file my_file07.cif (mmCIF, C-alpha atoms and all ligand atoms)
data_input
#
loop_
_atom_site.label_atom_id
_atom_site.label_comp_id
_atom_site.auth_asym_id
_atom_site.auth_seq_id
_atom_site.Cartn_x
_atom_site.Cartn_y
_atom_site.Cartn_z
CA MET L 1 -15.64 8.86 -11.81
CA PHE L 2 -16.07 10.88 -8.63
CA ARG L 3 -12.82 9.46 -7.29
CA ARG L 4 -11.02 10.41 -10.49
CA LEU L 5 -12.32 13.94 -10.25
CA ILE L 6 -11.05 14.26 -6.71
CA THR L 7 -7.63 12.93 -7.74
CA LEU L 8 -7.48 15.37 -10.61
CA THR L 9 -8.38 18.35 -8.45
CA ALA L 10 -5.85 17.29 -5.84
CA GLY L 11 -3.22 16.99 -8.56
CA VAL L 12 -3.87 20.46 -9.92
CA SER L 13 -3.85 22.22 -6.57
CA LEU L 14 -0.80 20.24 -5.59
CA ALA L 15 1.08 21.37 -8.65
CA LEU L 16 0.16 24.96 -7.85
CA THR L 17 1.23 24.60 -4.23
CA ALA L 18 4.52 23.05 -5.23
CA LEU L 19 5.17 25.77 -7.78
CA THR L 20 4.58 28.58 -5.35
CA ALA L 21 6.53 26.71 -2.68
CA CYS L 22 9.56 26.56 -4.99
CA GLY L 23 9.40 30.25 -5.76
CA GLY L 24 9.06 31.32 -2.16
CA SER L 25 11.42 29.06 -0.29
CA ASP L 26 15.16 29.06 -0.14
CA SER L 27 15.40 25.35 0.54
CA GLY L 28 15.62 24.54 -3.16
CA SER L 29 12.53 22.37 -2.97
CA GLY L 30 12.14 20.21 -6.08
CA SER L 31 15.61 21.05 -7.33
CA GLY L 32 17.28 17.89 -6.09
CA ASP L 33 18.21 19.12 -2.59
CA THR L 34 17.37 17.03 0.46
CA ILE L 35 13.68 17.14 1.35
CA THR L 36 12.91 18.17 4.91
CA LEU L 37 9.81 16.61 6.45
CA GLY L 38 8.46 17.92 9.74
CA PHE L 39 6.38 15.21 11.43
CA SER L 40 4.18 15.73 14.46
CA GLN L 41 3.38 12.40 16.10
CA VAL L 42 0.48 11.85 18.51
CA GLY L 43 2.59 10.33 21.30
CA ALA L 44 3.77 6.90 22.42
CA GLU L 45 0.50 5.64 23.86
CA SER L 46 0.45 2.14 22.34
CA GLY L 47 2.43 -0.61 20.63
CA TRP L 48 0.83 0.55 17.39
CA ARG L 49 2.20 4.05 17.88
CA THR L 50 5.71 2.83 18.66
CA ALA L 51 5.69 0.73 15.48
CA ASN L 52 4.35 3.68 13.49
CA THR L 53 7.11 5.98 14.76
CA LYS L 54 9.78 3.40 13.93
CA SER L 55 8.32 2.94 10.45
CA ILE L 56 8.43 6.70 9.79
CA GLN L 57 11.97 7.09 11.12
CA ASP L 58 13.32 4.04 9.24
CA SER L 59 11.60 5.01 5.99
CA ALA L 60 12.89 8.59 6.15
CA LYS L 61 16.43 7.32 6.53
CA LYS L 62 16.00 4.87 3.65
CA ALA L 63 14.51 7.55 1.41
CA GLY L 64 17.22 10.13 2.24
CA ILE L 65 14.64 12.52 3.69
CA GLU L 66 15.60 14.74 6.60
CA LEU L 67 13.05 14.11 9.32
CA LYS L 68 12.24 16.60 12.05
CA PHE L 69 10.24 14.49 14.49
CA SER L 70 8.13 15.77 17.36
CA ASP L 71 6.18 13.73 19.97
CA ALA L 72 3.06 15.55 21.24
CA GLN L 73 2.39 13.29 24.23
CA GLN L 74 -1.26 13.03 23.16
CA LYS L 75 -1.83 16.78 23.53
CA GLN L 76 -3.30 18.83 20.70
CA GLU L 77 -1.63 22.05 21.87
CA ASN L 78 1.77 20.35 21.55
CA GLN L 79 0.95 19.30 17.99
CA ILE L 80 -0.13 22.82 17.05
CA ALA L 81 3.10 24.23 18.53
CA ALA L 82 5.16 21.64 16.60
CA ILE L 83 3.45 22.49 13.31
CA ARG L 84 4.02 26.23 13.91
CA SER L 85 7.67 25.51 14.56
CA PHE L 86 7.92 23.50 11.30
CA ILE L 87 6.41 26.46 9.45
CA LYS L 88 8.98 28.79 11.01
CA GLN L 89 11.78 26.41 10.01
CA LYS L 90 10.44 26.39 6.43
CA VAL L 91 10.35 22.60 6.11
CA ASP L 92 9.39 21.32 2.64
CA VAL L 93 6.49 19.12 3.78
CA ILE L 94 4.58 18.79 7.05
CA GLY L 95 3.19 15.40 8.07
CA PHE L 96 1.05 14.80 11.11
CA SER L 97 -1.22 12.34 12.80
CA PRO L 98 -3.91 14.49 14.44
CA VAL L 99 -4.74 13.38 17.98
CA VAL L 100 -8.36 14.57 17.63
CA VAL L 101 -10.55 15.47 14.68
CA THR L 102 -11.46 19.09 15.47
CA GLY L 103 -9.56 22.34 16.01
CA TRP L 104 -6.99 22.37 13.18
CA ASP L 105 -8.30 25.07 10.85
CA ALA L 106 -6.15 27.95 12.08
CA VAL L 107 -2.81 26.15 11.99
CA LEU L 108 -3.58 24.44 8.66
CA LYS L 109 -4.36 27.86 7.18
CA GLU L 110 -1.02 29.13 8.47
CA ALA L 111 0.76 26.25 6.70
CA LYS L 112 -1.14 26.97 3.51
CA ALA L 113 -0.29 30.69 3.69
CA ALA L 114 3.37 29.69 4.00
CA ASN L 115 3.00 27.39 0.95
CA ILE L 116 3.98 24.31 2.92
CA PRO L 117 1.99 21.23 1.86
CA VAL L 118 0.48 19.15 4.66
CA VAL L 119 -0.01 15.36 4.62
CA LEU L 120 -2.30 13.70 7.16
CA THR L 121 -1.25 10.22 8.17
CA ASP L 122 -3.19 7.70 10.25
CA ARG L 123 -5.99 9.99 11.57
CA ALA L 124 -8.40 12.38 9.88
CA VAL L 125 -9.47 15.97 10.65
CA ASP L 126 -12.81 17.66 10.04
CA SER L 127 -11.20 20.69 8.34
CA ASP L 128 -11.78 21.81 4.75
CA PRO L 129 -9.94 19.20 2.60
CA SER L 130 -8.30 21.98 0.57
CA LEU L 131 -6.12 22.64 3.65
CA TYR L 132 -4.20 19.39 3.21
CA VAL L 133 -2.87 17.47 0.22
CA THR L 134 -3.82 13.93 1.13
CA PHE L 135 -4.90 11.65 3.97
CA LEU L 136 -2.97 8.40 4.20
CA GLY L 137 -4.28 5.71 6.57
CA SER L 138 -6.85 3.08 7.47
CA ASP L 139 -10.61 3.00 7.03
CA PHE L 140 -11.58 2.95 10.72
CA VAL L 141 -15.32 2.54 10.11
CA GLU L 142 -14.56 -0.61 8.15
CA GLU L 143 -12.33 -1.89 10.96
CA GLY L 144 -15.19 -1.45 13.45
CA ARG L 145 -17.56 -3.21 11.05
CA LYS L 146 -15.21 -6.19 10.70
CA ALA L 147 -15.03 -6.54 14.50
CA GLY L 148 -18.83 -6.35 14.80
CA GLN L 149 -19.42 -8.72 11.89
CA TRP L 150 -17.26 -11.38 13.53
CA LEU L 151 -19.48 -11.25 16.62
CA VAL L 152 -22.63 -11.33 14.49
CA ASP L 153 -21.40 -14.50 12.77
CA ARG L 154 -20.20 -16.10 15.98
CA HIS L 155 -23.49 -15.55 17.81
CA LYS L 156 -25.89 -16.01 14.91
CA ASP L 157 -27.45 -19.18 16.30
CA GLY L 158 -27.89 -18.14 19.93
CA SER L 159 -31.07 -16.73 21.42
CA ASP L 160 -29.64 -15.42 24.72
CA PRO L 161 -28.59 -11.80 25.00
CA VAL L 162 -24.86 -11.20 24.46
CA ASN L 163 -23.67 -8.40 26.74
CA ILE L 164 -20.84 -6.37 25.28
CA VAL L 165 -18.65 -3.75 26.94
CA GLN L 166 -16.71 -1.40 24.70
CA LEU L 167 -13.40 0.30 25.52
CA GLU L 168 -13.22 3.34 23.26
CA GLY L 169 -10.04 5.08 22.10
CA THR L 170 -9.12 8.70 22.81
CA VAL L 171 -12.23 10.88 23.03
CA GLY L 172 -12.70 12.89 19.84
CA SER L 173 -10.11 10.93 17.82
CA ALA L 174 -11.00 9.62 14.36
CA PRO L 175 -10.34 5.94 15.20
CA ALA L 176 -12.51 6.09 18.35
CA ILE L 177 -15.40 7.81 16.56
CA ASP L 178 -15.26 5.64 13.44
CA ARG L 179 -14.59 2.25 15.03
CA LYS L 180 -17.52 2.76 17.39
CA LYS L 181 -19.72 3.73 14.47
CA GLY L 182 -18.76 0.75 12.28
CA PHE L 183 -19.01 -1.71 15.17
CA GLU L 184 -22.44 -0.57 16.33
CA GLU L 185 -23.68 -0.54 12.74
CA ALA L 186 -22.59 -4.17 12.24
CA ILE L 187 -23.93 -5.57 15.52
CA GLY L 188 -27.21 -3.70 14.94
CA THR L 189 -28.20 -6.53 12.59
CA ASN L 190 -28.52 -8.94 15.56
CA PRO L 191 -30.77 -7.66 18.39
CA ASN L 192 -29.22 -10.16 20.85
CA LEU L 193 -25.93 -8.27 20.71
CA LYS L 194 -26.11 -5.41 23.19
CA VAL L 195 -23.53 -2.83 24.23
CA ILE L 196 -24.23 -2.51 27.97
CA ALA L 197 -21.38 -0.07 28.71
CA SER L 198 -18.96 1.98 26.63
CA GLN L 199 -16.13 4.10 28.02
CA SER L 200 -12.85 5.60 26.87
CA GLY L 201 -9.57 3.94 27.85
CA ASP L 202 -7.54 6.52 25.88
CA PHE L 203 -5.82 3.79 23.81
CA THR L 204 -3.49 2.89 26.73
CA ARG L 205 -2.92 -0.37 28.56
CA ALA L 206 -3.09 1.28 32.01
CA LYS L 207 -6.38 3.03 31.30
CA GLY L 208 -7.82 -0.10 29.69
CA LYS L 209 -7.12 -2.04 32.87
CA GLU L 210 -8.49 0.65 35.15
CA VAL L 211 -11.74 1.07 33.22
CA MET L 212 -12.23 -2.70 32.90
CA GLN L 213 -11.79 -3.13 36.67
CA ALA L 214 -14.63 -0.66 37.22
CA LEU L 215 -16.79 -2.31 34.54
CA LEU L 216 -16.29 -5.75 36.09
CA LYS L 217 -17.47 -4.39 39.43
CA ALA L 218 -20.52 -2.70 37.93
CA HIS L 219 -21.60 -5.57 35.63
CA LYS L 220 -21.60 -9.24 36.60
CA ASP L 221 -22.83 -10.42 33.23
CA ILE L 222 -20.23 -9.32 30.66
CA ASP L 223 -19.93 -11.77 27.74
CA VAL L 224 -17.75 -9.79 25.34
CA LEU L 225 -15.17 -7.02 25.45
CA PHE L 226 -14.63 -4.97 22.31
CA ALA L 227 -11.53 -2.78 22.71
CA HIS L 228 -10.63 -0.18 20.10
CA ASN L 229 -6.98 -1.28 20.29
CA ASP L 230 -4.82 -4.18 21.47
CA ASP L 231 -3.25 -2.26 24.33
CA MET L 232 -6.57 -1.48 26.04
CA GLY L 233 -7.56 -5.12 25.45
CA LEU L 234 -4.32 -6.30 27.08
CA GLY L 235 -4.87 -4.06 30.12
CA ALA L 236 -8.47 -5.30 30.39
CA MET L 237 -7.25 -8.89 30.04
CA GLN L 238 -5.20 -8.42 33.23
CA ALA L 239 -8.22 -7.00 35.03
CA ILE L 240 -10.30 -10.00 33.91
CA GLU L 241 -7.65 -12.46 35.13
CA GLU L 242 -7.30 -10.63 38.45
CA ALA L 243 -11.08 -10.91 38.88
CA GLY L 244 -10.70 -14.70 38.66
CA LEU L 245 -12.17 -15.00 35.15
CA LYS L 246 -10.71 -16.50 31.99
CA PRO L 247 -10.14 -14.03 29.15
CA GLY L 248 -11.06 -15.58 25.82
CA GLU L 249 -13.47 -18.03 27.50
CA ASP L 250 -15.55 -16.39 30.24
CA ILE L 251 -15.28 -13.09 28.40
CA GLU L 252 -14.57 -13.03 24.67
CA ILE L 253 -12.13 -10.32 23.60
CA VAL L 254 -12.17 -8.61 20.20
CA THR L 255 -9.64 -5.85 19.47
CA ILE L 256 -8.09 -3.82 16.66
CA ASP L 257 -4.39 -3.35 15.61
CA ALA L 258 -2.68 -6.79 15.60
CA VAL L 259 0.59 -5.70 17.19
CA LYS L 260 2.85 -8.48 18.53
CA ASP L 261 1.56 -8.50 22.13
CA GLY L 262 -2.03 -8.61 20.91
CA MET L 263 -1.23 -11.40 18.47
CA GLN L 264 0.49 -13.34 21.27
CA ALA L 265 -2.65 -13.06 23.44
CA LEU L 266 -4.72 -14.24 20.46
CA ALA L 267 -2.39 -17.18 19.78
CA ASP L 268 -2.57 -18.05 23.52
CA GLY L 269 -6.38 -18.20 23.39
CA LYS L 270 -6.86 -15.13 25.61
CA PHE L 271 -8.11 -12.92 22.78
CA ASN L 272 -10.65 -14.22 20.25
CA PHE L 273 -10.33 -11.98 17.19
CA ILE L 274 -8.22 -9.04 16.01
CA VAL L 275 -8.88 -6.68 13.12
CA GLU L 276 -5.58 -5.53 11.68
CA CYS L 277 -4.67 -1.85 11.50
CA SER L 278 -1.28 -1.40 9.88
CA PRO L 279 1.14 1.12 11.45
CA LEU L 280 3.64 0.68 8.60
CA LEU L 281 2.87 3.97 6.88
CA GLY L 282 6.45 5.23 6.60
CA ASP L 283 7.31 4.16 3.04
CA GLN L 284 4.05 5.53 1.63
CA LEU L 285 4.54 8.80 3.50
CA MET L 286 8.06 9.24 2.06
CA ASP L 287 6.81 8.44 -1.46
CA VAL L 288 4.06 11.03 -1.09
CA ALA L 289 6.51 13.64 0.26
CA LYS L 290 8.81 13.07 -2.72
CA LYS L 291 5.98 13.31 -5.24
CA ILE L 292 4.67 16.50 -3.69
CA ASP L 293 8.12 18.04 -3.58
CA ALA L 294 8.57 17.24 -7.27
CA GLY L 295 5.25 18.93 -8.09
CA GLY L 296 3.50 15.65 -8.91
CA SER L 297 -0.03 14.64 -8.02
CA VAL L 298 -1.19 12.20 -5.36
CA ASP L 299 -4.63 10.79 -4.52
CA LYS L 300 -6.58 12.80 -1.98
CA ARG L 301 -7.21 9.63 0.06
CA ILE L 302 -4.83 6.69 0.30
CA VAL L 303 -6.37 3.74 2.16
CA THR L 304 -4.20 1.17 3.93
CA VAL L 305 -4.75 -2.49 3.01
CA GLU L 306 -5.31 -4.75 6.03
CA THR L 307 -6.67 -8.12 7.14
CA VAL L 308 -8.19 -9.90 10.18
CA PHE L 309 -6.90 -12.68 12.47
CA ASP L 310 -8.55 -15.46 14.46
CA GLN L 311 -6.58 -17.63 16.91
CA ALA L 312 -5.28 -20.06 14.29
CA ALA L 313 -4.23 -17.26 11.92
CA ALA L 314 -2.40 -15.49 14.77
CA LYS L 315 -0.39 -18.63 15.56
CA GLU L 316 0.65 -18.84 11.96
CA ALA L 317 1.49 -15.14 11.54
CA LEU L 318 3.32 -14.54 14.83
CA PRO L 319 6.78 -15.88 13.94
CA THR L 320 7.14 -13.48 11.02
CA ARG L 321 5.23 -10.50 12.44
CA GLN L 322 7.28 -7.32 12.02
CA TYR L 323 5.79 -5.31 14.88
O1 LIG L 401 -5.26 1.82 16.70
C1 LIG L 401 -4.05 2.79 18.51
C2 LIG L 401 -3.26 4.03 18.56
O2 LIG L 401 -4.70 6.02 15.28
C3 LIG L 401 -4.83 3.90 14.27
O3 LIG L 401 -3.95 4.92 17.71
C4 LIG L 401 -4.30 4.70 15.38
C5 LIG L 401 -4.65 4.17 16.76
C6 LIG L 401 -4.28 2.73 17.04
O4 LIG L 401 -2.98 4.49 19.80
O5 LIG L 401 -3.38 1.68 19.04
#
call {"tool": "encode", "arguments": {"input": "my_file07.cif", "output": "structure tokens"}}
result
Amino acid sequence: MFRRLITLTAGVSLALTALTACGGSDSGSGSGDTITLGFSQVGAESGWRTANTKSIQDSAKKAGIELKFSDAQQKQENQIAAIRSFIKQKVDVIGFSPVVVTGWDAVLKEAKAANIPVVLTDRAVDSDPSLYVTFLGSDFVEEGRKAGQWLVDRHKDGSDPVNIVQLEGTVGSAPAIDRKKGFEEAIGTNPNLKVIASQSGDFTRAKGKEVMQALLKAHKDIDVLFAHNDDMGLGAMQAIEEAGLKPGEDIEIVTIDAVKDGMQALADGKFNFIVECSPLLGDQLMDVAKKIDAGGSVDKRIVTVETVFDQAAAKEALPTRQY
């Protein structure tokens, strides 16, 4: 019921936005002309991000949507500048994946004042939801829970403490905040599972390696690594090997994403479990842009469907994995 109400409200305000947008813009929005989508991407920090960018670019082409694409190199100020430039260019729809959760109110209000609808993809913001049309992406709390639950099940019979180190994503980003929350909530049901250190590796392979090297020096008793994405896990895996330990055996590795390199490590027995986070958001984003442009309604929240992989499942999935 509540969900239906939200959808209805989103639909109504969307129709209003689209109406006013038609009246005020010279791009012929909704009249059959090409839709222009301005998209501000976070950066190119991970395999996930590269696959996400490709998905958006391929889907735009397929859908006949003109894409203005901007890479923010993981800097919020670059994203804000890109969105302002899209407003100036009077694009029909703005899409963006916000690097962090806070600090978007001013620029989102500017987009609203210019009657340009905004679609969030991948990551959330903490702004008033009336400032954007919809948020399309994964449930990151659930992803963290799935990672934690796997460890709870795996260690349910043991009585020894299980020492976990956590490599967090970009500080202040929705996936880092939510995955940590879901993970710690799930492992909280087994007092043997303890997070002994938790630090950001900024979602990159290089940072994941660097932070893991320091953690290995500081702690001699690490049983498990939980990394908020495959890339940090892959960097940490190198650090573990260089320290003379066996990833997947001496230290269990649980990650999130399931990009090809991560799945290869899982199939090779060097990772133990991956929670999938799908970067293939392009088609849904183009569908949403078209609906909005036509004055239709879309759900306020569109959640991506995803699965989990153990080593056997990774071996089976690898040959046909798209990214
Ligand atoms: O998990 C990570 C990327 O926001 C879901 O960002 C995305 C995350 C993804 O850098 O690899």
call {"tool": "axis_aligned_box", "arguments": {"input": "my_file07.cif", "around": "range 313-321 of chain L", "padding_each_side": "5 Å", "output": "lines of an AutoDock Vina configuration file"}}
result
center_x = 1.5
center_y = -14.7
center_z = 13.3
size_x = 21.4
size_y = 18.3
size_z = 14.5
call {"tool": "residues_near_point", "arguments": {"input": "my_file07.cif", "point": "(3.3, -10.5, 24.0)", "cutoff": "12 Å", "atoms": "only C-alpha atoms", "output": "PDB file with C-alpha atoms, in the coordinates of the input"}}
result
ATOM      1  CA  GLY L  47       2.430  -0.610  20.630  1.00  0.00           C
ATOM      2  CA  ASP L 230      -4.820  -4.180  21.470  1.00  0.00           C
ATOM      3  CA  ASP L 231      -3.250  -2.260  24.330  1.00  0.00           C
ATOM      4  CA  LEU L 234      -4.320  -6.300  27.080  1.00  0.00           C
ATOM      5  CA  ALA L 258      -2.680  -6.790  15.600  1.00  0.00           C
ATOM      6  CA  VAL L 259       0.590  -5.700  17.190  1.00  0.00           C
ATOM      7  CA  LYS L 260       2.850  -8.480  18.530  1.00  0.00           C
ATOM      8  CA  ASP L 261       1.560  -8.500  22.130  1.00  0.00           C
ATOM      9  CA  GLY L 262      -2.030  -8.610  20.910  1.00  0.00           C
ATOM     10  CA  MET L 263      -1.230 -11.400  18.470  1.00  0.00           C
ATOM     11  CA  GLN L 264       0.490 -13.340  21.270  1.00  0.00           C
ATOM     12  CA  ALA L 265      -2.650 -13.060  23.440  1.00  0.00           C
ATOM     13  CA  LEU L 266      -4.720 -14.240  20.460  1.00  0.00           C
ATOM     14  CA  ALA L 267      -2.390 -17.180  19.780  1.00  0.00           C
ATOM     15  CA  ASP L 268      -2.570 -18.050  23.520  1.00  0.00           C
ATOM     16  CA  LYS L 270      -6.860 -15.130  25.610  1.00  0.00           C
ATOM     17  CA  PHE L 271      -8.110 -12.920  22.780  1.00  0.00           C
ATOM     18  CA  ALA L 314      -2.400 -15.490  14.770  1.00  0.00           C
ATOM     19  CA  LEU L 318       3.320 -14.540  14.830  1.00  0.00           C
ATOM     20  CA  PRO L 319       6.780 -15.880  13.940  1.00  0.00           C
ATOM     21  CA  ARG L 321       5.230 -10.500  12.440  1.00  0.00           C
ATOM     22  CA  TYR L 323       5.790  -5.310  14.880  1.00  0.00           C
TER      23      TYR L 323
END
call {"tool": "closest_residue", "arguments": {"input": "my_file07.cif", "among": "L:Val162, L:Val303, L:Ile56, L:Met237", "to": "Gly208 in chain L", "atoms": "all atoms listed in the file"}}
result
L:Met237
call {"tool": "residues_near_ligand", "arguments": {"input": "my_file07.cif", "ligand": "ligand LIG 401 (chain L)", "cutoff": "10 Å", "atoms": "all atoms listed in the file", "output": "PyMOL selection string"}}
result
chain L and resi 42-52+74+97-100+121-124+137-140+143+169-170+173-176+179+202-205+227-232+255-259+275-279
call {"tool": "write_last_selection", "arguments": {"input": "my_file07.cif", "atoms": "C-alpha atoms", "output": "mmCIF file, in the coordinates of the input"}}
result
data_model
loop_
_atom_site.group_PDB
_atom_site.id
_atom_site.type_symbol
_atom_site.label_atom_id
_atom_site.label_comp_id
_atom_site.auth_asym_id
_atom_site.auth_seq_id
_atom_site.Cartn_x
_atom_site.Cartn_y
_atom_site.Cartn_z
ATOM 1 C CA VAL L 42 0.480 11.850 18.510
ATOM 2 C CA GLY L 43 2.590 10.330 21.300
ATOM 3 C CA ALA L 44 3.770 6.900 22.420
ATOM 4 C CA GLU L 45 0.500 5.640 23.860
ATOM 5 C CA SER L 46 0.450 2.140 22.340
ATOM 6 C CA GLY L 47 2.430 -0.610 20.630
ATOM 7 C CA TRP L 48 0.830 0.550 17.390
ATOM 8 C CA ARG L 49 2.200 4.050 17.880
ATOM 9 C CA THR L 50 5.710 2.830 18.660
ATOM 10 C CA ALA L 51 5.690 0.730 15.480
ATOM 11 C CA ASN L 52 4.350 3.680 13.490
ATOM 12 C CA GLN L 74 -1.260 13.030 23.160
ATOM 13 C CA SER L 97 -1.220 12.340 12.800
ATOM 14 C CA PRO L 98 -3.910 14.490 14.440
ATOM 15 C CA VAL L 99 -4.740 13.380 17.980
ATOM 16 C CA VAL L 100 -8.360 14.570 17.630
ATOM 17 C CA THR L 121 -1.250 10.220 8.170
ATOM 18 C CA ASP L 122 -3.190 7.700 10.250
ATOM 19 C CA ARG L 123 -5.990 9.990 11.570
ATOM 20 C CA ALA L 124 -8.400 12.380 9.880
ATOM 21 C CA GLY L 137 -4.280 5.710 6.570
ATOM 22 C CA SER L 138 -6.850 3.080 7.470
ATOM 23 C CA ASP L 139 -10.610 3.000 7.030
ATOM 24 C CA PHE L 140 -11.580 2.950 10.720
ATOM 25 C CA GLU L 143 -12.330 -1.890 10.960
ATOM 26 C CA GLY L 169 -10.040 5.080 22.100
ATOM 27 C CA THR L 170 -9.120 8.700 22.810
ATOM 28 C CA SER L 173 -10.110 10.930 17.820
ATOM 29 C CA ALA L 174 -11.000 9.620 14.360
ATOM 30 C CA PRO L 175 -10.340 5.940 15.200
ATOM 31 C CA ALA L 176 -12.510 6.090 18.350
ATOM 32 C CA ARG L 179 -14.590 2.250 15.030
ATOM 33 C CA ASP L 202 -7.540 6.520 25.880
ATOM 34 C CA PHE L 203 -5.820 3.790 23.810
ATOM 35 C CA THR L 204 -3.490 2.890 26.730
ATOM 36 C CA ARG L 205 -2.920 -0.370 28.560
ATOM 37 C CA ALA L 227 -11.530 -2.780 22.710
ATOM 38 C CA HIS L 228 -10.630 -0.180 20.100
ATOM 39 C CA ASN L 229 -6.980 -1.280 20.290
ATOM 40 C CA ASP L 230 -4.820 -4.180 21.470
ATOM 41 C CA ASP L 231 -3.250 -2.260 24.330
ATOM 42 C CA MET L 232 -6.570 -1.480 26.040
ATOM 43 C CA THR L 255 -9.640 -5.850 19.470
ATOM 44 C CA ILE L 256 -8.090 -3.820 16.660
ATOM 45 C CA ASP L 257 -4.390 -3.350 15.610
ATOM 46 C CA ALA L 258 -2.680 -6.790 15.600
ATOM 47 C CA VAL L 259 0.590 -5.700 17.190
ATOM 48 C CA VAL L 275 -8.880 -6.680 13.120
ATOM 49 C CA GLU L 276 -5.580 -5.530 11.680
ATOM 50 C CA CYS L 277 -4.670 -1.850 11.500
ATOM 51 C CA SER L 278 -1.280 -1.400 9.880
ATOM 52 C CA PRO L 279 1.140 1.120 11.450
#
call {"tool": "atom_distance", "arguments": {"input": "my_file07.cif", "atom1": "CA of Lys54 in chain L", "atom2": "CA of Gly233 in chain L"}}
result
22.5 Å
call {"tool": "closest_residue", "arguments": {"input": "my_file07.cif", "among": "L:Ala113, L:Thr53, L:Ser40, L:Ala63", "to": "Gln79 in chain L", "atoms": "only C-alpha atoms"}}
result
L:Ser40
call {"tool": "atom_distance", "arguments": {"input": "my_file07.cif", "atom1": "CA of Ala111 in chain L", "atom2": "CA of Asp33 in chain L"}}
result
21.0 Å
call {"tool": "residues_around", "arguments": {"input": "my_file07.cif", "residues": "Val119 in chain L", "least_positions_apart": "6", "cutoff": "7 Å", "atoms": "only C-alpha atoms", "output": "list in words"}}
result
Ile94, Gly95, Phe96, Tyr132, Val133, Thr134 and Phe135 of chain L
call {"tool": "decode", "arguments": {"input": "my_file07.cif", "residues": "range 190-194 of chain L", "atoms": "all heavy atoms", "output": "mmCIF file, in the first residue's frame"}}
result
data_model
loop_
_atom_site.group_PDB
_atom_site.id
_atom_site.type_symbol
_atom_site.label_atom_id
_atom_site.label_comp_id
_atom_site.auth_asym_id
_atom_site.auth_seq_id
_atom_site.Cartn_x
_atom_site.Cartn_y
_atom_site.Cartn_z
ATOM 1 N N ASN L 190 26.442 -13.866 15.618
ATOM 2 C CA ASN L 190 27.417 -14.854 16.109
ATOM 3 C C ASN L 190 28.567 -14.109 16.810
ATOM 4 O O ASN L 190 29.406 -13.509 16.150
ATOM 5 C CB ASN L 190 27.956 -15.680 14.941
ATOM 6 C CG ASN L 190 28.969 -16.720 15.394
ATOM 7 O OD1 ASN L 190 29.505 -16.661 16.506
ATOM 8 N ND2 ASN L 190 29.243 -17.671 14.516
ATOM 9 N N PRO L 191 28.619 -14.170 18.130
ATOM 10 C CA PRO L 191 29.635 -13.392 18.873
ATOM 11 C C PRO L 191 31.070 -13.808 18.585
ATOM 12 O O PRO L 191 32.000 -13.066 18.898
ATOM 13 C CB PRO L 191 29.270 -13.644 20.349
ATOM 14 C CG PRO L 191 28.261 -14.730 20.362
ATOM 15 C CD PRO L 191 27.700 -14.896 18.995
ATOM 16 N N ASN L 192 31.284 -14.980 17.958
ATOM 17 C CA ASN L 192 32.654 -15.378 17.600
ATOM 18 C C ASN L 192 33.215 -14.555 16.443
ATOM 19 O O ASN L 192 34.418 -14.469 16.253
ATOM 20 C CB ASN L 192 32.707 -16.856 17.175
ATOM 21 C CG ASN L 192 32.502 -17.777 18.347
ATOM 22 O OD1 ASN L 192 32.772 -17.406 19.486
ATOM 23 N ND2 ASN L 192 31.994 -18.961 18.068
ATOM 24 N N LEU L 193 32.305 -14.006 15.642
ATOM 25 C CA LEU L 193 32.748 -13.248 14.463
ATOM 26 C C LEU L 193 33.032 -11.809 14.878
ATOM 27 O O LEU L 193 32.124 -11.086 15.310
ATOM 28 C CB LEU L 193 31.666 -13.272 13.373
ATOM 29 C CG LEU L 193 31.285 -14.647 12.816
ATOM 30 C CD1 LEU L 193 30.136 -14.531 11.818
ATOM 31 C CD2 LEU L 193 32.470 -15.306 12.125
ATOM 32 N N LYS L 194 34.312 -11.421 14.755
ATOM 33 C CA LYS L 194 34.705 -10.091 15.239
ATOM 34 C C LYS L 194 35.431 -9.295 14.168
ATOM 35 O O LYS L 194 36.399 -9.797 13.582
ATOM 36 C CB LYS L 194 35.678 -10.253 16.418
ATOM 37 C CG LYS L 194 35.010 -10.703 17.692
ATOM 38 C CD LYS L 194 35.946 -10.462 18.886
ATOM 39 C CE LYS L 194 35.331 -11.023 20.133
ATOM 40 N NZ LYS L 194 35.735 -12.418 20.414
#
